[in-house]
Amino acid sequence: MPQEYNKLVRDRIPEIIRKNGLECETIALSETEYRQALREKLIEEAQEAATASNSELAIEIADLLEVVDALLKSYGISHNQITLERDRKRATKGDFEQKIMLLWTKENTTK
């Protein structure tokens, strides 16, 4: 019985599957389908990075960055554009250097 995946995979995965003596079926996605599949893959890879062991973290982040690069290419977004947005956000909201965790907020009733 076939194992279903229905997910975006790297280009050489079908070749590797066949080389291992298995059969597989693939389809080529439209650009719209591809972009949606990339967004789903982004979540998948982020979850894997979030639960990775310390020794596997670099591998999982590399996978995540591969998906980010594919998204940027698909949407015509440059790395420079991302850097500018990151720098703008750092200037307005800061970064994560101080390791701050927000625990709660409430409305100030003494106004």
# chains A, B, ... in the order shown; residues from 1 in each chain; ligands from 1

$ residues_around --residues "A:Leu38" --least-positions-apart "4" --cutoff "9 Å" --atoms "only C-alpha atoms" --output "VMD selection string"
chain A and resid 8 33 to 34 42 to 43 67 to 68 70 to 71

$ write_last_selection --atoms "C-alpha atoms" --output "short mmCIF file (atom, residue, chain, number, x, y, z; two decimals), in the first residue's frame"
data_model
loop_
_atom_site.label_atom_id
_atom_site.label_comp_id
_atom_site.auth_asym_id
_atom_site.auth_seq_id
_atom_site.Cartn_x
_atom_site.Cartn_y
_atom_site.Cartn_z
CA LEU A 8 6.85 19.61 -1.60
CA GLU A 33 0.38 25.84 -5.93
CA TYR A 34 4.17 26.00 -5.56
CA LEU A 42 8.20 26.75 5.80
CA ILE A 43 5.96 25.77 8.71
CA VAL A 67 12.78 27.14 1.85
CA VAL A 68 13.16 30.86 2.60
CA ALA A 70 12.96 29.44 -2.63
CA LEU A 71 10.19 31.75 -1.38
#

$ residues_around --residues "A:Ala49" --least-positions-apart "3" --cutoff "8 Å" --atoms "only C-alpha atoms" --output "VMD selection string"
chain A and resid 45 to 46 52 57 60 to 61 64

$ write_last_selection --atoms "N, CA, C and O atoms" --output "CSV table (one decimal), in the first residue's frame"
chain,number,residue,atom,x,y,z
A,45,GLU,N,9.4,23.0,8.2
A,45,GLU,CA,10.8,23.1,8.6
A,45,GLU,C,11.0,23.9,9.9
A,45,GLU,O,11.9,23.6,10.7
A,46,ALA,N,10.2,24.9,10.1
A,46,ALA,CA,10.3,25.7,11.4
A,46,ALA,C,9.9,24.8,12.6
A,46,ALA,O,10.6,24.9,13.6
A,52,ALA,N,14.4,20.4,17.2
A,52,ALA,CA,15.7,19.7,16.9
A,52,ALA,C,16.6,19.7,18.2
A,52,ALA,O,16.5,20.6,19.0
A,57,LEU,N,20.4,21.1,15.1
A,57,LEU,CA,19.8,22.5,14.9
A,57,LEU,C,20.3,23.1,13.6
A,57,LEU,O,19.6,23.7,12.8
A,60,GLU,N,18.7,21.6,10.6
A,60,GLU,CA,17.3,22.0,10.4
A,60,GLU,C,17.2,23.5,10.0
A,60,GLU,O,16.3,23.9,9.2
A,61,ILE,N,18.0,24.4,10.5
A,61,ILE,CA,18.0,25.8,10.1
A,61,ILE,C,18.4,25.9,8.6
A,61,ILE,O,17.9,26.7,7.9
A,64,LEU,N,15.4,25.1,6.7
A,64,LEU,CA,14.5,26.3,6.8
A,64,LEU,C,15.0,27.4,5.8
A,64,LEU,O,14.2,28.0,5.1
